[in-house]
Each structure stands twice: as C-alpha cells, then as structure tokens.
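Data from structure.cif: mmCIF, C-alpha atoms and all ligand atoms
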```cif
data_model
loop_
_atom_site.label_atom_id
_atom_site.label_comp_id
_atom_site.auth_asym_id
_atom_site.auth_seq_id
_atom_site.Cartn_x
_atom_site.Cartn_y
_atom_site.Cartn_z
CA MET A 1380 -41.77 6.72 178.27
CA LYS A 1381 -40.63 6.39 181.86
CA ILE A 1382 -37.72 8.48 183.07
CA VAL A 1383 -36.25 7.78 186.48
CA ALA A 1384 -34.11 10.39 188.26
CA VAL A 1385 -32.12 9.67 191.42
CA LEU A 1386 -31.25 12.93 193.16
CA TYR A 1387 -29.99 13.99 196.58
CA PRO A 1388 -32.51 14.66 199.35
CA CYS A 1389 -33.75 18.22 199.75
CA PRO A 1390 -32.82 20.08 202.90
CA GLU A 1391 -35.67 20.97 205.25
CA ASP A 1392 -35.86 24.39 203.59
CA PRO A 1393 -34.97 24.04 199.90
CA THR A 1394 -35.50 27.73 199.11
CA THR A 1395 -32.51 29.86 198.27
CA VAL A 1396 -31.89 33.22 196.64
CA ASP A 1397 -30.92 34.20 193.14
CA SER A 1398 -27.26 35.24 193.20
CA ARG A 1399 -27.96 38.32 191.03
CA ASP A 1400 -31.12 39.91 192.42
CA GLY A 1401 -31.76 38.09 195.72
CA ALA A 1402 -35.14 36.79 194.50
CA PRO A 1403 -36.29 33.55 196.18
CA GLN A 1404 -35.79 30.39 194.15
CA GLN A 1405 -35.72 26.63 194.67
CA LEU A 1406 -32.71 24.37 195.04
CA LEU A 1407 -32.93 22.79 191.59
CA GLY A 1408 -30.69 19.77 192.08
CA CYS A 1409 -32.48 18.11 195.00
CA ALA A 1410 -35.13 15.45 194.57
CA ASP A 1411 -38.30 17.44 195.29
CA ASN A 1412 -37.37 20.03 192.68
CA ALA A 1413 -36.27 17.41 190.14
CA LEU A 1414 -33.86 19.67 188.21
CA GLY A 1415 -36.92 21.71 187.22
CA LEU A 1416 -37.87 18.92 184.80
CA GLN A 1417 -41.26 17.72 186.05
CA ASP A 1418 -43.51 20.02 183.98
CA PHE A 1419 -41.20 19.84 180.97
CA VAL A 1420 -41.27 16.01 180.90
CA GLU A 1421 -45.00 15.68 181.63
CA GLY A 1422 -45.81 18.39 179.10
CA GLN A 1423 -44.29 16.15 176.42
CA GLY A 1424 -46.42 13.19 177.49
CA HIS A 1425 -43.78 11.29 179.46
CA GLU A 1426 -43.49 10.18 183.07
CA LEU A 1427 -40.79 11.35 185.49
CA VAL A 1428 -40.23 9.31 188.65
CA VAL A 1429 -37.89 11.03 191.09
CA THR A 1430 -36.41 9.23 194.05
CA THR A 1431 -33.57 9.54 196.52
CA ASP A 1432 -33.17 5.73 196.61
CA ARG A 1433 -29.70 4.95 195.28
CA GLU A 1434 -30.34 1.20 195.43
CA GLY A 1435 -33.40 -0.93 196.12
CA GLY A 1436 -36.68 0.82 196.98
CA GLU A 1437 -38.26 3.10 194.40
CA LEU A 1438 -35.26 2.86 192.09
CA GLU A 1439 -35.50 -0.90 191.81
CA GLU A 1440 -39.31 -0.80 191.54
CA ASN A 1441 -39.06 1.47 188.48
CA LEU A 1442 -35.97 0.08 186.75
CA GLY A 1443 -37.85 -2.64 184.87
CA ASP A 1444 -39.69 -0.25 182.55
CA ALA A 1445 -37.40 2.80 182.67
CA GLU A 1446 -36.11 4.05 179.31
CA VAL A 1447 -33.99 6.88 180.73
CA LEU A 1448 -32.06 6.98 184.01
CA ILE A 1449 -30.77 10.28 185.38
CA THR A 1450 -28.09 10.09 188.10
CA THR A 1451 -25.70 12.56 189.67
CA PRO A 1452 -22.11 12.21 190.96
CA PHE A 1453 -23.03 14.00 194.21
CA TRP A 1454 -25.44 11.25 195.29
CA PRO A 1455 -24.33 8.49 192.96
CA VAL A 1456 -26.11 5.37 191.89
CA TYR A 1457 -23.44 2.79 191.09
CA VAL A 1458 -24.97 1.43 187.89
CA THR A 1459 -23.44 -2.01 187.50
CA ARG A 1460 -23.91 -4.50 184.68
CA GLU A 1461 -26.28 -6.45 186.96
CA MET A 1462 -28.40 -3.36 187.53
CA MET A 1463 -28.54 -2.81 183.75
CA ASP A 1464 -29.65 -6.46 183.37
CA ARG A 1465 -32.65 -5.57 185.53
CA ALA A 1466 -33.46 -2.60 183.26
CA PRO A 1467 -34.10 -4.24 179.86
CA ASN A 1468 -35.76 -1.10 178.41
CA LEU A 1469 -32.96 1.27 179.38
CA LYS A 1470 -31.68 3.26 176.35
CA LEU A 1471 -30.19 6.41 177.84
CA MET A 1472 -28.33 7.33 181.04
CA LEU A 1473 -27.81 11.01 181.73
CA LEU A 1474 -25.42 12.30 184.36
CA ALA A 1475 -26.48 15.55 186.01
CA GLY A 1476 -22.85 16.57 186.45
CA VAL A 1477 -19.46 15.54 185.03
CA GLY A 1478 -17.52 12.27 185.52
CA SER A 1479 -19.51 9.19 184.45
CA ASP A 1480 -17.44 6.68 186.42
CA ASN A 1481 -20.46 5.69 188.54
CA MET A 1482 -21.71 3.73 185.54
CA ASP A 1483 -20.13 0.59 184.09
CA LEU A 1484 -19.22 2.09 180.72
CA ALA A 1485 -18.21 -1.21 179.11
CA ALA A 1486 -21.52 -2.81 180.12
CA ALA A 1487 -23.45 0.18 178.78
CA ALA A 1488 -21.58 -0.13 175.47
CA ASP A 1489 -22.32 -3.87 175.31
CA LYS A 1490 -26.01 -3.18 175.89
CA ASN A 1491 -26.10 -0.26 173.43
CA ILE A 1492 -27.13 2.19 176.16
CA THR A 1493 -26.13 5.80 175.47
CA ILE A 1494 -24.43 7.74 178.27
CA ALA A 1495 -24.18 11.53 178.22
CA GLU A 1496 -22.94 13.96 180.87
CA GLN A 1497 -23.14 17.74 181.31
CA THR A 1498 -19.70 18.57 179.97
CA GLY A 1499 -18.40 21.93 181.11
CA SER A 1500 -21.30 22.62 183.50
CA ASN A 1501 -19.18 23.04 186.61
CA ILE A 1502 -15.68 24.01 185.43
CA THR A 1503 -15.53 27.27 187.40
CA SER A 1504 -17.31 25.81 190.41
CA VAL A 1505 -14.72 23.04 190.82
CA ALA A 1506 -11.73 25.26 189.96
CA GLU A 1507 -12.79 27.76 192.65
CA HIS A 1508 -13.23 24.98 195.21
CA SER A 1509 -9.79 23.57 194.35
CA VAL A 1510 -8.10 26.95 194.78
CA MET A 1511 -10.01 27.47 198.04
CA GLN A 1512 -8.81 24.11 199.36
CA ILE A 1513 -5.21 24.72 198.25
CA LEU A 1514 -5.21 27.97 200.23
CA THR A 1515 -7.02 26.30 203.15
CA LEU A 1516 -4.19 23.78 203.47
CA VAL A 1517 -1.22 25.99 202.67
CA ARG A 1518 -2.39 28.81 205.00
CA ASN A 1519 -3.36 26.26 207.72
CA TYR A 1520 -6.88 27.68 207.85
CA MET A 1521 -8.72 24.77 209.52
CA PRO A 1522 -6.78 24.80 212.84
CA ALA A 1523 -6.95 28.61 212.88
CA TYR A 1524 -10.75 28.51 212.48
CA LYS A 1525 -11.13 25.79 215.13
CA ASP A 1526 -8.92 27.81 217.50
CA VAL A 1527 -11.30 30.76 217.26
CA VAL A 1528 -14.41 28.61 217.74
CA ASN A 1529 -12.81 26.90 220.75
CA GLY A 1530 -11.95 30.22 222.44
CA GLY A 1531 -8.19 29.95 221.83
CA TRP A 1532 -5.49 32.39 220.62
CA ASN A 1533 -2.64 30.03 219.74
CA ILE A 1534 -0.75 32.13 217.20
CA GLY A 1535 2.50 30.17 217.30
CA GLU A 1536 0.82 26.78 217.04
CA ILE A 1537 -1.01 27.86 213.89
CA ALA A 1538 1.76 29.96 212.36
CA ARG A 1539 4.31 27.15 212.53
CA ARG A 1540 2.44 25.37 209.71
CA SER A 1541 1.17 28.39 207.76
CA HIS A 1542 2.85 29.34 204.46
CA ASP A 1543 2.44 31.77 201.59
CA LEU A 1544 1.42 30.11 198.34
CA GLU A 1545 3.59 32.55 196.37
CA ASP A 1546 6.74 31.05 194.90
CA LYS A 1547 5.65 27.46 195.57
CA THR A 1548 5.49 24.71 192.96
CA VAL A 1549 2.01 23.47 192.13
CA GLY A 1550 1.52 20.32 190.06
CA LEU A 1551 -1.74 19.80 188.20
CA VAL A 1552 -2.68 16.27 187.20
CA GLY A 1553 -5.18 16.34 184.32
CA MET A 1554 -5.19 19.47 182.18
CA GLY A 1555 -8.68 19.43 180.69
CA ARG A 1556 -11.41 21.96 181.29
CA ILE A 1557 -11.16 22.09 185.09
CA GLY A 1558 -7.36 21.73 185.15
CA GLN A 1559 -7.00 24.70 182.79
CA LYS A 1560 -9.45 26.87 184.71
CA THR A 1561 -7.65 26.02 187.95
CA ALA A 1562 -4.35 27.04 186.33
CA MET A 1563 -5.92 30.36 185.27
CA ARG A 1564 -7.17 30.96 188.79
CA LEU A 1565 -3.77 30.07 190.32
CA ARG A 1566 -1.63 32.15 187.98
CA PRO A 1567 -2.04 35.46 189.85
CA PHE A 1568 -0.65 33.80 193.00
CA ASP A 1569 2.80 33.77 191.32
CA VAL A 1570 3.37 30.04 191.65
CA ARG A 1571 5.47 27.76 189.45
CA MET A 1572 3.05 25.42 187.69
CA LEU A 1573 3.85 21.98 186.30
CA TYR A 1574 1.28 19.69 184.78
CA TYR A 1575 0.84 16.12 183.69
CA ASP A 1576 -1.82 14.86 181.28
CA VAL A 1577 -1.94 12.02 178.77
CA THR A 1578 -2.27 14.74 176.15
CA LYS A 1579 0.26 17.58 176.13
CA LEU A 1580 -1.12 21.08 175.46
CA ASN A 1581 0.29 23.06 172.56
CA THR A 1582 3.10 25.49 173.32
CA ILE A 1583 0.91 28.58 173.00
CA ASP A 1584 -1.60 27.27 175.56
CA GLU A 1585 1.21 26.27 177.92
CA TYR A 1586 2.67 29.75 177.60
CA THR A 1587 -0.68 31.49 178.08
CA LEU A 1588 -1.53 29.44 181.17
CA GLY A 1589 2.02 29.63 182.57
CA LEU A 1590 2.50 25.85 182.59
CA ARG A 1591 5.40 23.46 182.06
CA TYR A 1592 4.75 19.82 181.12
CA ALA A 1593 6.35 17.05 183.15
CA ASP A 1594 6.02 13.30 183.46
CA ILE A 1595 4.02 12.47 186.57
CA ASP A 1596 6.87 10.70 188.35
CA ASP A 1597 9.34 13.50 187.59
CA MET A 1598 6.83 16.10 188.79
CA ILE A 1599 5.70 14.52 192.07
CA PRO A 1600 8.90 15.07 194.12
CA LEU A 1601 9.15 18.71 192.97
CA CYS A 1602 5.70 19.86 194.09
CA ASP A 1603 4.64 21.69 197.24
CA VAL A 1604 1.01 21.17 196.21
CA ILE A 1605 -0.64 18.74 193.82
CA SER A 1606 -4.17 19.29 192.54
CA ILE A 1607 -5.89 16.41 190.76
CA HIS A 1608 -8.24 16.99 187.78
CA ALA A 1609 -8.22 13.71 185.82
CA PRO A 1610 -11.22 11.41 185.40
CA LEU A 1611 -11.46 8.13 187.31
CA THR A 1612 -10.63 5.37 184.81
CA PRO A 1613 -9.00 1.95 185.10
CA VAL A 1614 -5.66 3.80 184.59
CA THR A 1615 -6.14 6.55 187.19
CA ARG A 1616 -7.63 4.32 189.91
CA SER A 1617 -5.01 4.46 192.71
CA LEU A 1618 -2.73 6.61 190.52
CA PHE A 1619 -1.59 8.14 193.81
CA ASN A 1620 -0.55 4.86 195.37
CA ARG A 1621 1.68 4.47 198.43
CA GLU A 1622 4.87 4.85 196.41
CA ARG A 1623 3.82 8.10 194.75
CA LEU A 1624 2.41 9.53 197.99
CA PHE A 1625 5.70 8.87 199.76
CA ASP A 1626 7.63 10.24 196.76
CA MET A 1627 6.11 13.63 197.44
CA LYS A 1628 8.14 16.24 199.31
CA ARG A 1629 7.81 16.02 203.07
CA GLY A 1630 5.09 18.46 204.17
CA ALA A 1631 3.52 18.75 200.69
CA HIS A 1632 -0.24 19.04 200.21
CA ILE A 1633 -2.73 17.31 197.90
CA VAL A 1634 -6.10 18.60 196.77
CA ASN A 1635 -8.36 16.16 194.94
CA THR A 1636 -11.67 17.37 193.54
CA ALA A 1637 -11.60 14.73 190.76
CA ARG A 1638 -12.50 11.33 192.25
CA GLY A 1639 -11.65 9.76 195.62
CA ALA A 1640 -10.48 6.44 194.21
CA ILE A 1641 -7.60 8.16 192.36
CA VAL A 1642 -5.81 8.28 195.74
CA ASP A 1643 -5.11 5.11 197.73
CA ARG A 1644 -7.33 5.43 200.79
CA ASP A 1645 -5.18 3.72 203.41
CA ALA A 1646 -1.79 4.86 202.09
CA LEU A 1647 -3.00 8.46 202.31
CA VAL A 1648 -4.01 8.02 205.96
CA GLU A 1649 -0.57 6.52 206.64
CA ALA A 1650 1.24 9.39 204.88
CA LEU A 1651 -0.70 11.96 206.94
CA GLU A 1652 -0.37 10.11 210.23
CA GLU A 1653 3.39 9.77 209.75
CA GLY A 1654 3.59 13.48 208.96
CA HIS A 1655 5.02 12.78 205.52
CA LEU A 1656 2.27 14.82 203.85
CA GLY A 1657 1.32 18.21 205.26
CA GLY A 1658 -2.38 17.97 204.43
CA TYR A 1659 -5.07 16.67 202.12
CA ALA A 1660 -8.32 18.23 200.96
CA GLY A 1661 -10.96 17.57 198.36
CA ASP A 1662 -14.61 16.73 198.09
CA VAL A 1663 -14.63 13.29 196.51
CA TRP A 1664 -14.68 9.97 198.32
CA ASP A 1665 -14.58 6.28 197.53
CA SER A 1666 -17.46 5.46 197.94
CA GLN A 1667 -20.20 8.08 198.31
CA PRO A 1668 -21.90 9.03 200.54
CA ALA A 1669 -18.80 8.31 202.63
CA PRO A 1670 -19.63 5.96 205.53
CA SER A 1671 -19.52 7.62 208.94
CA ASP A 1672 -16.36 5.65 209.81
CA HIS A 1673 -14.49 6.51 206.57
CA PRO A 1674 -10.91 7.17 207.73
CA TRP A 1675 -10.66 10.39 205.67
CA ARG A 1676 -13.21 11.95 208.03
CA THR A 1677 -10.79 11.70 210.96
CA MET A 1678 -7.26 11.57 209.47
CA PRO A 1679 -4.89 14.35 210.57
CA ASN A 1680 -4.59 17.66 208.73
CA HIS A 1681 -7.43 17.25 206.32
CA ALA A 1682 -9.89 19.83 205.01
CA MET A 1683 -12.39 17.55 203.31
CA THR A 1684 -15.90 18.54 202.30
CA PRO A 1685 -18.73 16.32 201.06
CA HIS A 1686 -19.03 16.22 197.27
CA VAL A 1687 -20.26 19.77 196.73
CA SER A 1688 -17.75 21.60 194.56
CA GLY A 1689 -19.55 20.94 191.28
CA THR A 1690 -23.03 21.64 192.59
CA SER A 1691 -22.98 25.32 193.45
CA LEU A 1692 -26.28 27.05 192.64
CA GLU A 1693 -24.86 28.28 189.34
CA ALA A 1694 -23.58 24.79 188.46
CA GLN A 1695 -26.99 23.28 189.26
CA ALA A 1696 -28.66 25.69 186.87
CA ARG A 1697 -26.17 24.74 184.14
CA TYR A 1698 -26.37 20.99 184.58
CA ALA A 1699 -30.18 21.06 184.93
CA GLU A 1700 -30.37 22.96 181.64
CA GLY A 1701 -27.93 20.45 180.10
CA VAL A 1702 -30.10 17.49 181.14
CA ARG A 1703 -33.17 19.23 179.73
CA ARG A 1704 -31.39 19.74 176.39
CA CYS A 1705 -30.31 16.10 176.25
CA LEU A 1706 -33.87 14.95 176.96
CA GLN A 1707 -35.31 17.32 174.37
CA ALA A 1708 -32.93 15.96 171.74
CA TYR A 1709 -33.81 12.40 172.73
CA PHE A 1710 -37.58 13.05 172.63
CA ASN A 1711 -37.16 14.63 169.18
CA GLY A 1712 -35.07 11.72 167.90
CA GLU A 1713 -32.16 14.15 167.34
CA PRO A 1714 -28.50 13.60 168.24
CA ILE A 1715 -27.31 14.74 171.68
CA ASP A 1716 -24.44 17.32 171.57
CA ARG A 1717 -21.25 15.43 170.66
CA ASP A 1718 -19.16 16.82 173.50
CA ARG A 1719 -21.58 15.39 176.10
CA ILE A 1720 -21.45 11.83 174.78
CA ILE A 1721 -19.50 9.24 176.79
CA VAL A 1722 -20.95 6.01 175.35
CA GLU A 1723 -22.94 5.66 172.12
CA GLY A 1724 -23.64 3.12 169.43
CA GLY A 1725 -22.07 0.28 171.41
CA GLU A 1726 -18.77 2.14 171.91
CA ILE A 1727 -17.05 4.20 174.58
CA MET A 1728 -16.65 7.50 172.71
CA SER A 1729 -14.97 9.73 175.31
CA LEU A 1730 -11.24 9.43 174.63
CA SER A 1731 -10.14 9.56 178.30
CA TYR A 1732 -12.29 6.56 179.14
CA LYS A 1733 -11.88 4.77 175.80
CA TYR A 1734 -8.08 4.49 175.94
CA ALA A 1735 -8.10 3.60 179.62
CA TYR A 1736 -10.63 0.80 179.13
CA GLU A 1737 -8.62 -0.50 176.14
CA GLU A 1738 -5.42 -0.46 178.21
CA ALA A 1739 -7.07 -2.24 181.17
P1 LIG B 1 -12.03 17.03 180.92
O1 LIG B 1 -12.43 15.82 180.12
O2 LIG B 1 -12.18 18.35 180.31
O3 LIG B 1 -10.51 16.86 181.39
C1 LIG B 1 -9.98 15.66 181.85
C2 LIG B 1 -8.49 15.68 181.52
O4 LIG B 1 -7.89 14.55 182.16
C3 LIG B 1 -8.22 15.54 180.01
O5 LIG B 1 -7.31 16.56 179.60
C4 LIG B 1 -7.62 14.16 179.88
O6 LIG B 1 -6.66 14.05 178.83
C5 LIG B 1 -6.95 13.99 181.24
N1 LIG B 1 -6.65 12.59 181.56
C6 LIG B 1 -7.31 11.47 181.18
N2 LIG B 1 -6.67 10.39 181.64
C7 LIG B 1 -5.56 10.83 182.30
C8 LIG B 1 -4.49 10.18 182.98
N3 LIG B 1 -4.41 8.85 183.02
N4 LIG B 1 -3.53 10.96 183.55
C9 LIG B 1 -3.60 12.32 183.46
N5 LIG B 1 -4.57 12.98 182.83
C10 LIG B 1 -5.55 12.25 182.25
O7 LIG B 1 -12.86 16.92 182.28
P2 LIG B 1 -13.07 18.06 183.37
O8 LIG B 1 -14.37 18.74 183.17
O9 LIG B 1 -11.82 18.85 183.49
O10 LIG B 1 -13.27 17.13 184.66
C11 LIG B 1 -12.23 16.30 185.12
C12 LIG B 1 -12.75 15.35 186.18
O11 LIG B 1 -13.10 16.09 187.34
C13 LIG B 1 -14.04 14.62 185.80
O12 LIG B 1 -13.78 13.46 185.06
C14 LIG B 1 -14.66 14.32 187.13
O13 LIG B 1 -14.22 13.07 187.60
C15 LIG B 1 -14.13 15.42 188.03
N6 LIG B 1 -15.18 16.41 188.39
C16 LIG B 1 -15.47 16.58 189.70
C17 LIG B 1 -16.45 17.48 190.06
C18 LIG B 1 -16.79 17.73 191.51
O14 LIG B 1 -17.88 18.23 191.80
N7 LIG B 1 -15.90 17.46 192.43
C19 LIG B 1 -17.16 18.17 189.07
C20 LIG B 1 -16.80 18.00 187.74
C21 LIG B 1 -15.82 17.08 187.40
#
```
Mind turning the file's structure into structure tokens?
Ligand code: NAD
Amino acid sequence: MKIVAVLYPCPEDPTTVDSRDGAPQQLLGCADNALGLQDFVEGQGHELVVTTDREGGELEENLGDAEVLITTPFWPVYVTREMMDRAPNLKLMLLAGVGSDNMDLAAAADKNITIAEQTGSNITSVAEHSVMQILTLVRNYMPAYKDVVNGGWNIGEIARRSHDLEDKTVGLVGMGRIGQKTAMRLRPFDVRMLYYDVTKLNTIDEYTLGLRYADIDDMIPLCDVISIHAPLTPVTRSLFNRERLFDMKRGAHIVNTARGAIVDRDALVEALEEGHLGGYAGDVWDSQPAPSDHPWRTMPNHAMTPHVSGTSLEAQARYAEGVRRCLQAYFNGEPIDRDRIIVEGGEIMSLSYKYAYEEA
C-alpha cells in the first residue's frame, strides 16, 4: 500500500540533542526524517512517500493511488472534498498532531475515510507555550527585549505597560486536555480563573483546578487575559468577532494557541491599532504558513510565533509514536485507539466536531 506523508521542510542541520542525556538525535517531525517511519513502513512491505509539497507537485502525483495520507497542523495540507475526489483509494488520514480542522470532516465521512489524530501528544507543550505567551504580554517582554537588542535603556517606556499576573482574572475558552493543563500551570500565579466550554466540568474538577464556570459573554468583559483552547469548528470560527473583541476590558490581552480562525483577523488588528486590546499572542494563523503580508505579523503589541507550540522535541516523539501505532493497527486490521478517532464508519465521531457540524 502507498502511504503519503506531507511534513515540514528540514532545517539545514536537522540534528538536535536528546533532552535527557545530550546525545545527538534527528529532528523527527521534518520531511527527511519522516517521523522515523521509513524503515518501519518498508519493513512491513509498504511504500512511504514523503514530501513537503502541500499542494500540487509530489503530493498530487501520489494522491491517485495513496491509501493513507499523513498530514500535520504545523505545515498543513488543506484536504478539501475535491482533493479527496482525486484520491479514490484513500482510506485513512492521520494527523501528526492534534486539531483535524485542516481536513473536510464531512467529506471524509461521506467517503468513508477514517481520520485519526494524536490525541494528548502535545498537551504540556501547548500549555507551556500559552503560559509563556501570557507572561510575555502581561510583563511587556517583547519591547523590553527589543530595547536591549537595539542598545536602549528605556525603563519608563517599558514599565508603563508591564504588570504582575498575580491577582488578575484569566478566562480560559475550551477546558479540554490543554485547557486543563494550562489551568494547572497558571494556578501557582494566584490568578482568578474563569472558564467557558460547551461541557461544564464537575464540581470536584473545578475545585481542584481553581476554576469557576461562566458563559462566554458574561466572562469576556471580566478578563484581563483570555487564553483560547477550543477546536476550530463551524461554531468556533470567528467566535472572537469584532463585538466580542471590543467587549473585552480596555488593555486586556488574548493568547490563542488553538486555531487562528477562531479570532476575526481584521477586527483583531483594529482592536490593537485602536489600543482597545493591550496585546495578542499565539502561534496559529489563518491560513498557514502565514503569507509574508499577513497583518498579524505587523500589528501593534503582538508576540506571535509560527505554529510551533505543539511540536517541541518531546511532542514530536509522542506524535511520531502515535502515528506509528495507528499505522500498525491499520496494517494489522485492528481498530485504532478510540480516543484518537475523529471520523470513522461514515460518521464524525469526535463530539466537539460532531455537534458543531450538526449545528452548522
Ligand atoms: P480537547 O478535545 O481535549 O479539548 C477541546 C475542548 O474544547 C473540549 O473540552 C470541548 O468541549 C471544548 N469545545 C468544543 N467546542 C467548543 C466551543 N464551541 N466553545 C468552547 N469550548 C468548546 O483538545 P485539546 O487537546 O485540549 O486541544 C484543543 C485544541 O487546541 C485542538 O483542537 C487544536 O485546535 C489546538 N491545538 C493546538 C496545538 C498547537 O500546536 N498550537 C497543539 C494541539 C492542539
């Protein structure tokens, strides 16, 4: 069987070091290293084609007889219904990461293509990045860093926008795996935490995590910081529209490591340019890779990164292992772990996506 994997390009030097013993190792997630899958796939008598082409080129040349397509959110292929039409043998799409919104889930269900992702593979990685970006904004780190690099010593200019996080109100939107880990990481900062999710946690979990539930529109005006951890679905697309952005407290910050399209692109730029919002950070863009003239690259008071939070070296090892396990199950004709399944048997199985698609 032919398996096609579309992965991000390797840097010039793809060697790195093991975080525990400093031994040299390879960057697993980039194309040349193919998630460490080449020998495993070939050893079982199958073919693995790896490309960095996200559309056209080698991807298109191999779609016609591909049975499995591996993609990643960090270098996404937008797998539309039309692309699936050109892949009549496609049975399985695996996401090396979490958040399968780059694939048309309804089309995959119609065509009986299974979709599975690497659930839980980068919870800590994203939670750490979110906390880092919250602190980056609240402490006004970016201008302070630039001041040093540029030879300056403008204490007052930096201090006038630099706060303590302690005693502030943080709102978390989406309280799944990453939302909960972010709450755990934030708790020692002595913040007040509110959260909104379509599913309310039980009282014990709320108590343990130090959270209070609130409706999204009640929560927004109360928050000094909002951190977004919900999937991109037809319901969450533009959830943070102009009205909600301008409902936030003046000077408040938003961190979004979930998906770029959850926040209205142009309304955000307006809110930052008018000084209504104090800052915005995250690592997800609509679309990716972000074009060089994407306005979020140049808007005021941002601390954006490319989509890297969920692909730390440790996360890569976990999602590469997850993809290998999914493939092994598929080769053996066994079921893939239930909690990885997004679409199966002609149905959207993941509840977050299922209800949102039904509502749309
Ligand atoms: P999860 O499924 O464990 O949690 C998602 C939570 O969002 C669930 O509790 C769900 O009920 C909630 N939700 C669904 N629809 C909602 C809505 N309309 N409003 C509010 N909450 C809603 O997933 P997770 O592992 O916590 O990941 C969350 C999202 O983060 C992913 O879907 C993905 O888009 C994104 N993510 C980004 C990176 C990255 O590298 N930046 C990595 C992993 C995941």
Within 10 Å of Lys1733 of chain A, counting all atoms listed in the file, which residues show up once you throw out same-chain ones fewer than 2 positions away? Write them as a PyMOL selection string, please.
chain A and resi 1484-1485+1612+1721-1722+1726-1731+1735-1738
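Going from atom CA of Ala1410 of chain A over to atom CA of Glu1437 of chain A, you cover 12.7 Å.
Restricting the calculation to all atoms listed in the file, the smallest distance between ligand LIG 1 (chain B) and any of A:Asp1716, A:Asp1662, A:Glu1507, A:Asp1569 is found for A:Asp1662.
From atom CA of Ser1504 of chain A back to atom CA of Leu1590 of chain A, the distance works out to 21.3 Å.
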Ligand LIG 1 (chain B): which residues are within 6 Å, counting only C-alpha atoms and all ligand atoms, as a PyMOL selection string?
chain A and resi 1477-1478+1499+1501-1502+1505+1552-1558+1575-1578+1608-1611+1614-1615+1636-1638+1662-1663+1686-1689+1731
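Taking all atoms listed in the file into account, Glu1700 of chain A lies nearest to A:Gly1415 out of the set A:Pro1600, A:Pro1613, A:Gly1415, A:Gly1630.
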Separation of atom CA of Ala1475 of chain A from atom CA of Arg1433 of chain A in Å:
14.4 Å
